[in-house]
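J.: Coordinates in run.pdb, PDB, C-alpha atoms, are listed below.
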```pdb
ATOM      1  CA  MET C   1     185.937  65.423  19.784
ATOM      2  CA  PRO C   2     185.294  68.166  22.351
ATOM      3  CA  PHE C   3     188.022  69.138  24.813
ATOM      4  CA  ILE C   4     187.391  68.488  28.527
ATOM      5  CA  GLY C   5     189.245  71.657  29.512
ATOM      6  CA  ASP C   6     186.485  73.714  27.893
ATOM      7  CA  TYR C   7     183.938  72.142  30.255
ATOM      8  CA  PHE C   8     185.887  71.664  33.481
ATOM      9  CA  PRO C   9     185.337  74.883  35.503
ATOM     10  CA  ILE C  10     188.783  75.225  37.098
ATOM     11  CA  TRP C  11     190.872  73.903  34.212
ATOM     12  CA  ASN C  12     192.967  77.063  33.844
ATOM     13  CA  GLU C  13     193.689  77.173  37.582
ATOM     14  CA  LEU C  14     195.328  73.746  37.527
ATOM     15  CA  GLY C  15     198.992  73.120  36.827
ATOM     16  CA  GLU C  16     200.111  71.510  33.579
ATOM     17  CA  PRO C  17     200.791  68.076  35.188
ATOM     18  CA  GLU C  18     197.287  68.041  36.722
ATOM     19  CA  ARG C  19     195.626  69.047  33.446
ATOM     20  CA  ARG C  20     197.611  66.397  31.575
ATOM     21  CA  ARG C  21     196.576  63.643  34.035
ATOM     22  CA  LEU C  22     192.932  64.657  33.849
ATOM     23  CA  GLU C  23     192.989  64.799  30.054
ATOM     24  CA  GLN C  24     194.790  61.455  29.700
ATOM     25  CA  ASN C  25     192.450  59.653  32.084
ATOM     26  CA  ALA C  26     189.095  61.192  31.168
ATOM     27  CA  VAL C  27     186.918  58.856  29.122
ATOM     28  CA  TYR C  28     184.387  60.431  26.762
ATOM     29  CA  ARG C  29     181.050  58.623  26.596
ATOM     30  CA  SER C  30     177.630  59.084  25.054
ATOM     31  CA  VAL C  31     174.492  57.392  26.344
ATOM     32  CA  PRO C  32     170.867  57.366  25.227
ATOM     33  CA  CYS C  33     167.989  58.754  27.254
ATOM     34  CA  GLY C  34     167.106  56.561  30.225
ATOM     35  CA  THR C  35     170.571  55.107  30.794
ATOM     36  CA  ALA C  36     171.555  54.753  34.457
ATOM     37  CA  LEU C  37     175.133  55.925  35.020
ATOM     38  CA  SER C  38     175.211  55.256  38.731
ATOM     39  CA  GLU C  39     172.865  53.110  40.786
ATOM     40  CA  GLY C  40     173.955  54.177  44.272
ATOM     41  CA  GLU C  41     176.723  54.017  46.857
ATOM     42  CA  ASP C  42     178.165  50.697  45.655
ATOM     43  CA  ASP C  43     178.467  52.034  42.101
ATOM     44  CA  CYS C  44     181.440  54.424  42.018
ATOM     45  CA  VAL C  45     181.643  55.487  38.382
ATOM     46  CA  GLY C  46     183.939  58.499  38.763
ATOM     47  CA  LEU C  47     183.581  62.232  38.389
ATOM     48  CA  ILE C  48     181.256  63.133  35.513
ATOM     49  CA  VAL C  49     181.657  66.330  33.472
ATOM     50  CA  VAL C  50     178.632  66.930  31.228
ATOM     51  CA  HIS C  51     179.366  67.956  27.648
ATOM     52  CA  ALA C  52     175.829  67.944  26.247
ATOM     53  CA  GLY C  53     172.453  66.695  27.354
ATOM     54  CA  ARG C  54     170.965  66.425  30.821
ATOM     55  CA  LEU C  55     171.472  64.108  33.786
ATOM     56  CA  ARG C  56     169.168  63.672  36.746
ATOM     57  CA  ALA C  57     170.221  62.763  40.283
ATOM     58  CA  CYS C  58     167.505  61.083  42.314
ATOM     59  CA  ILE C  59     166.890  58.827  45.258
ATOM     60  CA  LEU C  60     164.604  55.804  45.199
ATOM     61  CA  SER C  61     162.611  54.407  48.077
ATOM     62  CA  ASP C  62     162.228  50.690  48.740
ATOM     63  CA  GLU C  63     158.636  51.080  47.515
ATOM     64  CA  GLY C  64     159.787  52.447  44.156
ATOM     65  CA  ARG C  65     159.009  56.127  44.747
ATOM     66  CA  GLU C  66     161.639  58.599  43.631
ATOM     67  CA  ILE C  67     162.620  62.193  44.304
ATOM     68  CA  THR C  68     164.724  64.250  41.907
ATOM     69  CA  LEU C  69     167.454  65.961  43.908
ATOM     70  CA  TYR C  70     169.036  68.009  41.117
ATOM     71  CA  ARG C  71     169.746  68.068  37.404
ATOM     72  CA  LEU C  72     173.050  68.483  35.604
ATOM     73  CA  PHE C  73     173.392  70.393  32.347
ATOM     74  CA  GLU C  74     176.211  71.240  29.937
ATOM     75  CA  GLY C  75     179.355  72.131  31.869
ATOM     76  CA  ASP C  76     178.088  70.763  35.194
ATOM     77  CA  VAL C  77     180.161  68.350  37.240
ATOM     78  CA  CYS C  78     178.684  65.413  39.143
ATOM     79  CA  LEU C  79     180.601  64.543  42.282
ATOM     80  CA  PHE C  80     178.109  62.048  43.706
ATOM     81  CA  SER C  81     178.841  59.637  40.855
ATOM     82  CA  ALA C  82     182.250  59.328  42.548
ATOM     83  CA  SER C  83     180.900  59.138  46.090
ATOM     84  CA  CYS C  84     183.404  56.427  47.049
ATOM     85  CA  ILE C  85     186.141  59.066  47.153
ATOM     86  CA  LEU C  86     184.204  61.110  49.704
ATOM     87  CA  THR C  87     185.182  59.687  53.062
ATOM     88  CA  ASP C  88     182.485  59.428  55.718
ATOM     89  CA  LEU C  89     179.735  60.184  53.217
ATOM     90  CA  GLN C  90     177.246  57.482  52.410
ATOM     91  CA  VAL C  91     174.955  58.398  49.562
ATOM     92  CA  ASP C  92     172.632  56.231  47.561
ATOM     93  CA  ILE C  93     171.930  58.471  44.584
ATOM     94  CA  ARG C  94     170.956  57.271  41.132
ATOM     95  CA  ILE C  95     172.328  59.264  38.194
ATOM     96  CA  GLU C  96     170.521  58.813  34.885
ATOM     97  CA  ALA C  97     170.366  60.457  31.485
ATOM     98  CA  GLU C  98     167.096  62.342  30.956
ATOM     99  CA  VAL C  99     167.948  62.921  27.293
ATOM    100  CA  ASP C 100     170.726  61.612  25.057
ATOM    101  CA  THR C 101     173.828  62.811  26.893
ATOM    102  CA  SER C 102     177.578  62.983  26.295
ATOM    103  CA  PHE C 103     180.098  63.453  29.077
ATOM    104  CA  TRP C 104     183.548  62.670  30.378
ATOM    105  CA  VAL C 105     184.195  60.310  33.260
ATOM    106  CA  ILE C 106     187.310  60.860  35.330
ATOM    107  CA  PRO C 107     187.952  57.585  37.191
ATOM    108  CA  ALA C 108     187.403  57.925  40.935
ATOM    109  CA  GLY C 109     190.920  56.793  41.860
ATOM    110  CA  VAL C 110     192.540  59.271  39.485
ATOM    111  CA  TYR C 111     190.428  62.160  40.738
ATOM    112  CA  GLN C 112     190.985  61.207  44.381
ATOM    113  CA  ALA C 113     194.773  61.105  43.917
ATOM    114  CA  LEU C 114     194.784  64.455  42.119
ATOM    115  CA  ALA C 115     192.565  66.101  44.745
ATOM    116  CA  ALA C 116     194.934  64.854  47.474
ATOM    117  CA  GLU C 117     197.839  66.557  45.686
ATOM    118  CA  SER C 118     196.147  69.740  44.483
ATOM    119  CA  VAL C 119     194.816  72.457  46.769
ATOM    120  CA  LYS C 120     192.858  73.927  43.821
ATOM    121  CA  LEU C 121     191.182  70.618  43.013
ATOM    122  CA  SER C 122     190.489  69.888  46.668
ATOM    123  CA  GLY C 123     188.897  73.325  47.083
ATOM    124  CA  PHE C 124     186.836  72.787  43.934
ATOM    125  CA  THR C 125     185.609  69.461  45.314
ATOM    126  CA  SER C 126     184.573  71.067  48.609
ATOM    127  CA  SER C 127     182.802  73.907  46.811
ATOM    128  CA  LEU C 128     181.001  71.477  44.520
ATOM    129  CA  MET C 129     179.911  69.406  47.507
ATOM    130  CA  ALA C 130     178.540  72.496  49.255
ATOM    131  CA  THR C 131     176.653  73.578  46.129
ATOM    132  CA  ARG C 132     175.039  70.175  45.633
ATOM    133  CA  PHE C 133     174.190  69.935  49.336
ATOM    134  CA  SER C 134     172.483  73.342  49.168
ATOM    135  CA  GLU C 135     170.470  72.247  46.132
ATOM    136  CA  VAL C 136     169.376  69.060  47.874
ATOM    137  CA  MET C 137     168.404  70.923  51.055
ATOM    138  CA  TRP C 138     166.365  73.439  49.037
ATOM    139  CA  ARG C 139     164.593  70.582  47.292
ATOM    140  CA  MET C 140     163.851  68.844  50.614
ATOM    141  CA  ASP C 141     162.434  72.105  51.984
ATOM    142  CA  GLN C 142     160.168  72.384  48.949
ATOM    143  CA  ILE C 143     158.971  68.804  49.277
ATOM    144  CA  LEU C 144     158.493  68.743  53.016
ATOM    145  CA  PHE C 145     157.382  72.239  53.998
ATOM    146  CA  GLN C 146     155.919  74.080  51.011
ATOM    147  CA  ARG C 147     152.312  73.766  49.937
ATOM    148  CA  PHE C 148     151.677  72.161  46.595
TER
END
```
As structure tokens, how would this structure be written, given the file I've shared?
T.:
Amino acid sequence: MPFIGDYFPIWNELGEPERRRLEQNAVYRSVPCGTALSEGEDDCVGLIVVHAGRLRACILSDEGREITLYRLFEGDVCLFSASCILTDLQVDIRIEAEVDTSFWVIPAGVYQALAAESVKLSGFTSSLMATRFSEVMWRMDQILFQRF
């Protein structure tokens, strides 16, 4: 089985107790293409670290239209699948496998507790949030203001 530390970007910056807790609590999963991992804000799966495959984050309208916000590839981390740990942030993002995908899930409660204790993990979370927000804003600019 692959090792999560090889795919978690700040693994070597964490202390041994933090790495041990992440490793002990991370659950390795594989899903076929088309599987929904998260259906929105009421579905707090946990932090996802992609081992292989591709995930897609999208939003759905009440009429059934959808917009892809970003994609996640090998080594990427999905924070919005653990949106319940992000206070004052309400997101309704669907995460689904675009191809057969394998990944780790770090339960939301475990990650939240670790981030509260670790400056490195907290900083990583903030940086990841800023990166995803930038991607989403770029996509919105393309959809709303650029000619097709």
J.: Between atom CA of Leu69 of chain C and atom CA of Ile10 of chain C, what is the spacing in Å?
T.: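 Those two atoms sit 24.2 Å apart.
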J.: Determine the residue set returned by the PyMOL selection byres ((chain C and resi 51) around 9) for the present structure, and present it as a PyMOL selection string.
T.: chain C and resi 2+4+7+49-50+52-53+73-76+101-104
J.: Selection from above, C-alpha atoms, as a compact mmCIF listing (two decimals), in the coordinates of the input, can you write it?
T.:
```txt
# COMPACT_ATOMS: atom_id res chain seq x y z
CA PRO C 2 185.29 68.17 22.35
CA ILE C 4 187.39 68.49 28.53
CA TYR C 7 183.94 72.14 30.26
CA VAL C 49 181.66 66.33 33.47
CA VAL C 50 178.63 66.93 31.23
CA ALA C 52 175.83 67.94 26.25
CA GLY C 53 172.45 66.69 27.35
CA PHE C 73 173.39 70.39 32.35
CA GLU C 74 176.21 71.24 29.94
CA GLY C 75 179.36 72.13 31.87
CA ASP C 76 178.09 70.76 35.19
CA THR C 101 173.83 62.81 26.89
CA SER C 102 177.58 62.98 26.30
CA PHE C 103 180.10 63.45 29.08
CA TRP C 104 183.55 62.67 30.38
```
J.: Just the number, please: distance in Å from atom CA of Ile48 of chain C to atom CA of Ile106 of chain C, one decimal.
T.: 6.5 Å
J.: List every protein, DNA or RNA residue that has at least one atom no more than 10 Å from (189.0, 59.8, 40.8) in the file's coordinates, counting all atoms listed in the file, and write the result as a list in words.
T.: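 It turns out the residues near that spot are Leu22, Asn25, Ala26, Cys44, Val45, Gly46, Leu47, Ile48, Leu79, Ala82, Ser83, Cys84, Ile85, Val105, Ile106, Pro107, Ala108, Gly109, Val110, Tyr111, Gln112, Ala113, Leu114 and Ala115 of chain C.
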J.: Go ahead and compute the interatomic distance for atom CA of Ser61 of chain C and atom CA of Asp92 of chain C, in Å to one decimal.
T.: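 One can read the atom CA of Ser61 of chain C to atom CA of Asp92 of chain C distance as 10.2 Å.
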J.: Using only C-alpha atoms, which of the listed residues (C:Asp62, C:Lys120, C:Glu39, C:Ser30) sits closest to Glu18 of chain C?
T.: C:Lys120
J.: Might I get the box with edges along x, y and z of the file that holds all atoms of segment 36-39 of chain C listed there, padded by 3 Å on every side, given as centre and edge lengths in Å to one decimal, as AutoDock Vina command-line options?
T.:
```
--center_x 173.4 --center_y 54.5 --center_z 37.6 --size_x 9.7 --size_y 8.8 --size_z 12.3
```
J.: Can you spell out as a PyMOL selection string the set of residues that the PyMOL selection byres ((chain C and resi 72) around 7) selects in the structure I just provided?
T.: chain C and resi 54-56+70-71+73+76
J.: Residue by residue, what does the PyMOL selection byres ((chain C and resi 136) around 12) grab here? Present the result as a PyMOL selection string.
T.: chain C and resi 57-59+67-71+80+93+129-135+137-143
J.: How would the residues just picked look written out with C-alpha atoms as a PDB file, in the coordinates of the input?
T.:
```
ATOM      1  CA  ALA C  57     170.221  62.763  40.283  1.00  0.00           C
ATOM      2  CA  CYS C  58     167.505  61.083  42.314  1.00  0.00           C
ATOM      3  CA  ILE C  59     166.890  58.827  45.258  1.00  0.00           C
ATOM      4  CA  ILE C  67     162.620  62.193  44.304  1.00  0.00           C
ATOM      5  CA  THR C  68     164.724  64.250  41.907  1.00  0.00           C
ATOM      6  CA  LEU C  69     167.454  65.961  43.908  1.00  0.00           C
ATOM      7  CA  TYR C  70     169.036  68.009  41.117  1.00  0.00           C
ATOM      8  CA  ARG C  71     169.746  68.068  37.404  1.00  0.00           C
ATOM      9  CA  PHE C  80     178.109  62.048  43.706  1.00  0.00           C
ATOM     10  CA  ILE C  93     171.930  58.471  44.584  1.00  0.00           C
ATOM     11  CA  MET C 129     179.911  69.406  47.507  1.00  0.00           C
ATOM     12  CA  ALA C 130     178.540  72.496  49.255  1.00  0.00           C
ATOM     13  CA  THR C 131     176.653  73.578  46.129  1.00  0.00           C
ATOM     14  CA  ARG C 132     175.039  70.175  45.633  1.00  0.00           C
ATOM     15  CA  PHE C 133     174.190  69.935  49.336  1.00  0.00           C
ATOM     16  CA  SER C 134     172.483  73.342  49.168  1.00  0.00           C
ATOM     17  CA  GLU C 135     170.470  72.247  46.132  1.00  0.00           C
ATOM     18  CA  MET C 137     168.404  70.923  51.055  1.00  0.00           C
ATOM     19  CA  TRP C 138     166.365  73.439  49.037  1.00  0.00           C
ATOM     20  CA  ARG C 139     164.593  70.582  47.292  1.00  0.00           C
ATOM     21  CA  MET C 140     163.851  68.844  50.614  1.00  0.00           C
ATOM     22  CA  ASP C 141     162.434  72.105  51.984  1.00  0.00           C
ATOM     23  CA  GLN C 142     160.168  72.384  48.949  1.00  0.00           C
ATOM     24  CA  ILE C 143     158.971  68.804  49.277  1.00  0.00           C
TER      25      ILE C 143
END
```
J.: I want to know what sits within 10 Å of Thr35 of chain C, based on all atoms listed in the file, with residues of the same chain fewer than 3 positions away left out; could you give that as a ChimeraX atom specification?
T.: /C:30-32,38,55,95-101
